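Undergrad: data00.cif is the file, holding mmCIF, C-alpha atoms:
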data_target
#
loop_
_atom_site.label_atom_id
_atom_site.label_comp_id
_atom_site.auth_asym_id
_atom_site.auth_seq_id
_atom_site.Cartn_x
_atom_site.Cartn_y
_atom_site.Cartn_z
CA MET A 1079 42.07 -20.79 -50.36
CA SER A 1080 44.71 -21.67 -47.84
CA ARG A 1081 43.55 -23.26 -44.63
CA ARG A 1082 44.16 -21.46 -41.38
CA ARG A 1083 46.50 -23.15 -38.98
CA PRO A 1084 44.81 -23.84 -35.69
CA ALA A 1085 45.94 -21.44 -33.00
CA ARG A 1086 48.22 -22.99 -30.36
CA ARG A 1087 46.78 -23.08 -26.90
CA ARG A 1088 48.71 -21.03 -24.47
CA ARG A 1089 49.98 -23.01 -21.53
CA SER A 1090 48.42 -22.17 -18.22
CA ARG A 1091 50.37 -20.37 -15.55
CA ARG A 1092 50.27 -23.50 -13.41
CA GLN A 1093 51.90 -25.57 -16.15
CA GLN A 1094 54.59 -22.95 -16.63
CA GLN A 1095 55.33 -22.96 -12.91
CA ALA A 1096 55.50 -26.75 -12.88
CA ASP A 1097 57.94 -26.72 -15.81
CA ALA A 1098 60.08 -24.12 -14.05
CA ARG A 1099 60.20 -26.22 -10.89
CA ALA A 1100 61.18 -29.30 -12.87
CA VAL A 1101 64.05 -27.40 -14.48
CA LEU A 1102 65.20 -26.15 -11.08
CA PHE A 1103 65.15 -29.69 -9.64
CA ILE A 1104 67.22 -30.98 -12.57
CA VAL A 1105 69.75 -28.15 -12.21
CA ALA A 1106 69.95 -28.67 -8.45
CA GLY A 1107 70.44 -32.42 -8.91
CA VAL A 1108 73.22 -31.95 -11.43
CA ALA A 1109 74.89 -29.39 -9.15
CA ALA A 1110 74.65 -31.75 -6.15
CA VAL A 1111 76.19 -34.62 -8.10
CA GLY A 1112 78.98 -32.38 -9.34
CA LEU A 1113 79.66 -31.11 -5.83
CA ALA A 1114 79.73 -34.66 -4.45
CA VAL A 1115 82.21 -35.78 -7.13
CA THR A 1116 84.42 -32.76 -6.44
CA LEU A 1117 84.32 -33.43 -2.71
CA VAL A 1118 85.23 -37.09 -3.15
CA ARG A 1119 88.16 -36.18 -5.36
CA TRP A 1120 89.35 -33.57 -2.92
CA LEU A 1121 89.12 -35.99 0.03
CA ALA A 1122 91.00 -38.62 -1.97
CA ALA A 1123 93.82 -36.10 -2.45
CA HIS A 1124 93.66 -34.92 1.18
CA TRP A 1125 92.90 -38.20 2.99
CA TRP A 1126 94.32 -36.93 6.27
CA VAL A 1127 91.40 -34.47 6.59
CA GLY A 1128 88.95 -37.36 6.64
CA LEU A 1129 91.06 -39.14 9.24
CA ILE A 1130 91.07 -36.08 11.51
CA ALA A 1131 87.29 -35.68 11.06
CA ALA A 1132 86.74 -39.33 11.99
CA VAL A 1133 88.89 -38.97 15.13
CA LEU A 1134 87.03 -35.82 16.17
CA ALA A 1135 83.65 -37.49 15.54
CA ALA A 1136 84.69 -40.51 17.61
CA ALA A 1137 85.85 -38.23 20.44
CA ALA A 1138 82.60 -36.27 20.35
CA GLY A 1139 80.57 -39.50 20.32
CA GLY A 1140 82.54 -40.87 23.25
CA ALA A 1141 82.02 -37.67 25.24
CA TRP A 1142 78.26 -37.75 24.50
CA LEU A 1143 78.01 -41.41 25.55
CA SER A 1144 79.96 -40.77 28.74
CA ARG A 1145 77.71 -37.84 29.62
CA ARG A 1146 74.61 -39.91 28.95
CA GLN A 1147 75.86 -42.71 31.20
CA GLN A 1148 76.66 -40.18 33.93
CA CYS A 1149 73.15 -38.73 33.68
CA ALA A 1150 71.71 -42.24 33.91
CA ARG A 1151 73.76 -42.93 37.04
CA GLU A 1152 72.62 -39.66 38.61
CA GLU A 1153 69.01 -40.48 37.77
CA ARG A 1154 69.33 -43.90 39.39
CA LEU A 1155 70.82 -42.31 42.51
CA ARG A 1156 67.97 -39.79 42.69
CA ALA A 1157 65.41 -42.53 42.17
CA GLY A 1158 67.02 -44.64 44.87
CA ALA A 1159 66.59 -41.81 47.36
CA LEU A 1160 62.89 -41.30 46.51
CA ARG A 1161 60.58 -41.26 49.53
CA TYR A 1162 56.95 -40.20 49.89
CA ALA A 1163 55.16 -39.38 53.11
CA ILE A 1164 51.58 -40.62 53.14
CA SER A 1165 50.40 -37.03 53.72
CA HIS A 1166 52.06 -36.04 50.44
CA LEU A 1167 50.33 -38.86 48.60
CA ASP A 1168 47.01 -37.68 50.05
CA SER A 1169 47.56 -34.22 48.55
CA LEU A 1170 47.92 -35.53 44.99
CA ASP A 1171 45.21 -35.80 42.37
CA PRO A 1172 44.45 -39.26 40.88
CA THR A 1173 46.83 -38.87 37.91
CA GLN A 1174 49.65 -37.55 40.09
CA PHE A 1175 49.05 -40.49 42.42
CA GLU A 1176 49.55 -42.88 39.48
CA HIS A 1177 52.78 -41.08 38.59
CA ALA A 1178 53.98 -41.45 42.18
CA ILE A 1179 53.31 -45.21 42.12
CA ARG A 1180 55.18 -45.45 38.82
CA ASP A 1181 58.15 -43.58 40.31
CA LEU A 1182 58.22 -45.88 43.33
CA MET A 1183 58.33 -48.93 41.06
CA TYR A 1184 61.16 -47.30 39.11
CA ARG A 1185 62.96 -46.61 42.38
CA ASP A 1186 62.68 -50.28 43.26
CA GLY A 1187 64.44 -51.32 40.06
CA CYS A 1188 61.69 -51.53 37.41
CA ALA A 1189 63.43 -49.72 34.57
CA ASP A 1190 60.38 -49.88 32.29
CA ALA A 1191 57.85 -48.62 34.86
CA ARG A 1192 55.22 -46.50 33.12
CA GLN A 1193 51.91 -44.84 33.86
CA VAL A 1194 49.25 -46.08 31.45
CA GLY A 1195 46.08 -45.07 33.27
CA GLY A 1196 43.38 -43.04 31.63
CA LYS A 1197 40.19 -43.51 29.70
CA GLY A 1198 39.93 -47.09 28.53
CA ASP A 1199 42.91 -48.32 30.57
CA ASN A 1200 41.18 -51.67 31.17
CA GLY A 1201 42.06 -51.84 34.82
CA ALA A 1202 45.76 -50.93 34.51
CA ASP A 1203 47.16 -47.62 35.74
CA VAL A 1204 50.81 -48.62 36.10
CA LYS A 1205 52.80 -51.40 34.45
CA ALA A 1206 56.31 -52.43 35.41
CA THR A 1207 58.66 -55.39 35.05
CA ASP A 1208 60.64 -56.12 38.21
CA PRO A 1209 64.31 -57.24 38.23
CA PHE A 1210 63.07 -60.85 38.48
CA GLY A 1211 61.23 -60.64 35.16
CA ARG A 1212 57.70 -60.48 36.61
CA LEU A 1213 55.18 -58.11 35.03
CA TRP A 1214 53.28 -56.01 37.56
CA VAL A 1215 49.89 -54.55 36.65
CA ILE A 1216 48.72 -52.02 39.21
CA GLN A 1217 45.34 -50.36 39.56
CA CYS A 1218 45.41 -47.15 41.63
CA LYS A 1219 42.52 -45.76 43.68
CA HIS A 1220 43.22 -42.37 45.21
CA ARG A 1221 41.07 -41.08 48.05
CA ARG A 1222 41.23 -37.37 48.71
CA GLN A 1223 40.36 -37.91 52.37
CA GLY A 1224 42.61 -40.91 52.85
CA ASP A 1225 41.13 -43.63 55.06
CA ARG A 1226 38.27 -41.28 55.97
CA GLY A 1227 37.05 -41.43 52.37
CA SER A 1228 34.91 -44.12 50.79
CA ALA A 1229 36.33 -47.63 50.86
CA VAL A 1230 37.50 -49.34 47.69
CA GLY A 1231 34.98 -52.11 47.04
CA THR A 1232 34.73 -55.46 45.32
CA PRO A 1233 33.52 -54.07 41.96
CA ASP A 1234 36.97 -52.53 41.47
CA LEU A 1235 38.59 -55.87 42.29
CA HIS A 1236 36.39 -57.62 39.73
CA VAL A 1237 37.75 -55.27 37.07
CA VAL A 1238 41.34 -56.12 38.00
CA ALA A 1239 40.56 -59.85 38.18
CA GLY A 1240 39.02 -59.74 34.70
CA THR A 1241 41.79 -57.79 32.98
CA ALA A 1242 45.16 -57.95 34.78
CA ARG A 1243 46.09 -61.48 33.68
CA PRO A 1244 43.74 -62.26 30.77
CA LEU A 1245 44.25 -58.92 29.02
CA HIS A 1246 47.59 -57.55 30.25
CA GLY A 1247 49.43 -60.80 30.97
CA ALA A 1248 50.27 -59.82 34.55
CA ASP A 1249 52.37 -62.02 36.79
CA VAL A 1250 51.45 -59.84 39.77
CA ALA A 1251 48.12 -58.00 39.99
CA VAL A 1252 47.92 -55.19 42.54
CA MET A 1253 45.27 -52.78 43.79
CA VAL A 1254 46.78 -49.83 45.66
CA THR A 1255 45.01 -47.05 47.54
CA ASN A 1256 45.88 -44.35 50.02
CA GLY A 1257 42.57 -45.20 51.68
CA ARG A 1258 41.04 -48.48 52.78
CA PHE A 1259 39.31 -51.56 51.39
CA SER A 1260 35.86 -52.77 52.28
CA SER A 1261 35.69 -55.95 54.40
CA PRO A 1262 34.69 -58.27 51.50
CA CYS A 1263 37.80 -57.27 49.52
CA PRO A 1264 40.54 -59.32 51.28
CA PRO A 1265 38.85 -62.74 50.88
CA LEU A 1266 37.98 -61.96 47.24
CA ALA A 1267 41.52 -60.75 46.60
CA ARG A 1268 42.95 -64.01 47.95
CA THR A 1269 40.79 -66.14 45.66
CA GLN A 1270 41.69 -63.99 42.64
CA ARG A 1271 45.40 -63.68 43.56
CA ILE A 1272 45.21 -59.90 43.76
CA HIS A 1273 47.56 -58.12 46.17
CA LEU A 1274 45.97 -55.31 48.18
CA VAL A 1275 48.09 -52.31 49.16
CA ASP A 1276 46.11 -50.20 51.61
CA ARG A 1277 47.08 -47.01 53.40
CA ARG A 1278 49.26 -48.79 55.97
CA VAL A 1279 51.17 -50.89 53.45
CA LEU A 1280 51.48 -47.95 51.06
CA GLY A 1281 52.92 -45.76 53.80
CA GLU A 1282 55.48 -48.42 54.71
CA TRP A 1283 56.48 -48.91 51.06
CA ALA A 1284 56.58 -45.23 50.02
CA ALA A 1285 58.44 -43.93 53.06
CA GLY A 1286 60.86 -46.84 53.37
CA GLY A 1287 63.57 -48.21 51.15
CA ARG A 1288 62.30 -51.75 50.59
CA PRO A 1289 60.82 -52.64 47.21
CA LEU A 1290 57.17 -53.62 47.04
CA TRP A 1291 57.98 -57.31 46.42
CA GLU A 1292 59.71 -57.41 49.80
CA VAL A 1293 56.74 -55.76 51.50
CA LEU A 1294 54.11 -58.09 50.01
CA ARG A 1295 53.79 -61.82 50.55
CA ALA A 1296 52.92 -64.88 48.47
CA LEU A 1297 54.32 -63.57 45.19
CA PRO A 1298 54.85 -65.82 42.16
CA PRO A 1299 58.39 -67.16 41.73
CA PRO A 1300 60.93 -65.13 39.75
CA ARG A 1301 61.10 -65.62 36.01
CA ARG A 1302 64.86 -64.98 36.00
CA PRO A 1303 67.67 -64.20 38.47
CA SER A 1304 67.62 -60.63 39.73
CA SER A 1305 69.69 -58.08 37.84
CA LEU A 1306 70.11 -55.96 40.97
CA ARG A 1307 73.61 -55.69 42.36
#
Transcribe the structure of this file into structure tokens.
TA:
Amino acid sequence: MSRRRPARRRRSRRQQQADARAVLFIVAGVAAVGLAVTLVRWLAAHWWVGLIAAVLAAAAGGAWLSRRQQCAREERLRAGALRYAISHLDSLDPTQFEHAIRDLMYRDGCADARQVGGKGDNGADVKATDPFGRLWVIQCKHRRQGDRGSAVGTPDLHVVAGTARPLHGADVAVMVTNGRFSSPCPPLARTQRIHLVDRRVLGEWAAGGRPLWEVLRALPPPRRPSSLR
């Protein structure tokens, strides 16, 4: 008796689809290579087309760069004209207040000024490097009722003292509020080299044109010559 040949297993639909995709990829790859070879040959025979394309691309790139530089100049001009009345700062919420402080630092010439406050910010709401190379770490305390609200106390200063330099590497540590500080804060701030910006100082800084480092005193020396013109 002749033995029966074992029946061949039919390939699954998934295998068939995988094989079909593989064939399509191979065909597409061959077609792409052929197209690339044809294009190279055509460009070699018509080299002037590539030259014109390069000139047009350079012109477009130059126009884009010029527009970008113009936008940057306009942004610097707008930032230079930034002013905040203290009443406006009172109307902000805490996050908006941090953004306003960031914008004022940017106005003053800190191109990298950024708002970093939030959950787990470790005592830093705004960071900025001034034109003299000094890193500023700023903790913001907004009071909805201004100086009629609760005073910022020493526990907040302890947080800044423990994080601004050891954790963030600050050259200048600042606590800013649209309200007031409790009476023990100034002597503690002096011992910890923390600069306090209360409602009066904030109003002078935000509404005027002088940068914060000209408003405050006893700052560390510059790390480099100023880049401001």
Undergrad: Enumerate, as a list of chain:residue names, the residues matched when the PyMOL selection byres ((chain A and resi 1271) around 9) is run on the file above.
TA: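 Given this file, the PyMOL selection byres ((chain A and resi 1271) around 9) evaluates to A:Ala1239, A:Val1250, A:Ala1251, A:Val1252, A:Leu1266, A:Ala1267, A:Arg1268, A:Thr1269, A:Gln1270, A:Ile1272, A:His1273.
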Undergrad: For the structure provided, state which residues fall under the PyMOL selection byres ((chain A and resi 1176) around 9), and present them as a tab-separated table (two decimals) with C-alpha atoms, keeping the file's coordinate frame.
TA:
chain	number	residue	atom	x	y	z
A	1171	ASP	CA	45.21	-35.80	42.37
A	1172	PRO	CA	44.45	-39.26	40.88
A	1173	THR	CA	46.83	-38.87	37.91
A	1174	GLN	CA	49.65	-37.55	40.09
A	1175	PHE	CA	49.05	-40.49	42.42
A	1177	HIS	CA	52.78	-41.08	38.59
A	1178	ALA	CA	53.98	-41.45	42.18
A	1179	ILE	CA	53.31	-45.21	42.12
A	1180	ARG	CA	55.18	-45.45	38.82
A	1181	ASP	CA	58.15	-43.58	40.31
A	1193	GLN	CA	51.91	-44.84	33.86
A	1194	VAL	CA	49.25	-46.08	31.45
A	1195	GLY	CA	46.08	-45.07	33.27
A	1203	ASP	CA	47.16	-47.62	35.74
A	1204	VAL	CA	50.81	-48.62	36.10
A	1217	GLN	CA	45.34	-50.36	39.56
A	1218	CYS	CA	45.41	-47.15	41.63
A	1219	LYS	CA	42.52	-45.76	43.68
A	1220	HIS	CA	43.22	-42.37	45.21
Undergrad: Can you list what the PyMOL selection byres ((chain A and resi 1205) around 9) grabs from this structure, as a PyMOL selection string?
TA: chain A and resi 1180+1183+1190-1194+1202-1204+1206-1207+1213-1216+1248
Undergrad: Compile the contact shell of Val1237 (chain A) as a list in words: residues with an atom at most 10 Å away, counting only C-alpha atoms, same-chain residues fewer than 4 positions apart removed.
TA: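 Skipping anything fewer than 4 positions along the chain leaves Asn1200, Gly1201, Ala1202, Gln1217, Thr1232, Pro1233, Thr1241 and Ala1242 of chain A.
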Undergrad: Skip Arg1226 (chain A) itself and residues of its chain fewer than 4 positions away, then list as a PDB file with C-alpha atoms, in the coordinates of the input all residues within 10 Å of it, counting only C-alpha atoms.
TA:
ATOM      1  CA  ARG A1221      41.070 -41.080  48.050  1.00  0.00           C
ATOM      2  CA  ARG A1222      41.230 -37.370  48.710  1.00  0.00           C
ATOM      3  CA  GLY A1257      42.570 -45.200  51.680  1.00  0.00           C
ATOM      4  CA  ARG A1258      41.040 -48.480  52.780  1.00  0.00           C
TER       5      ARG A1258
END
Undergrad: Mind giving me the straight-line distance from CA of Gly1198 (chain A) to CA of Pro1244 (chain A) in Å, one decimal?
TA: 15.8 Å
Undergrad: May I ask for the distance between CA of Arg1278 (chain A) and CA of Asp1225 (chain A), given in Å to one decimal place?
TA: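 These two atoms are separated by 9.7 Å.
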Undergrad: Between CA of Ala1137 (chain A) and CA of Thr1116 (chain A), what distance in Å does the model show, to one decimal?
TA: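 Here the two named atoms are 27.5 Å from each other.
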Undergrad: Edge lengths and centre, in Å to one decimal, as JSON: that's what I need for the box along x, y and z that holds all listed atoms of region 1101-1107 of chain A plus 5 Å on each side.
TA:
{"center_x": 67.2, "center_y": -29.3, "center_z": -11.5, "size_x": 16.4, "size_y": 16.3, "size_z": 16.0}
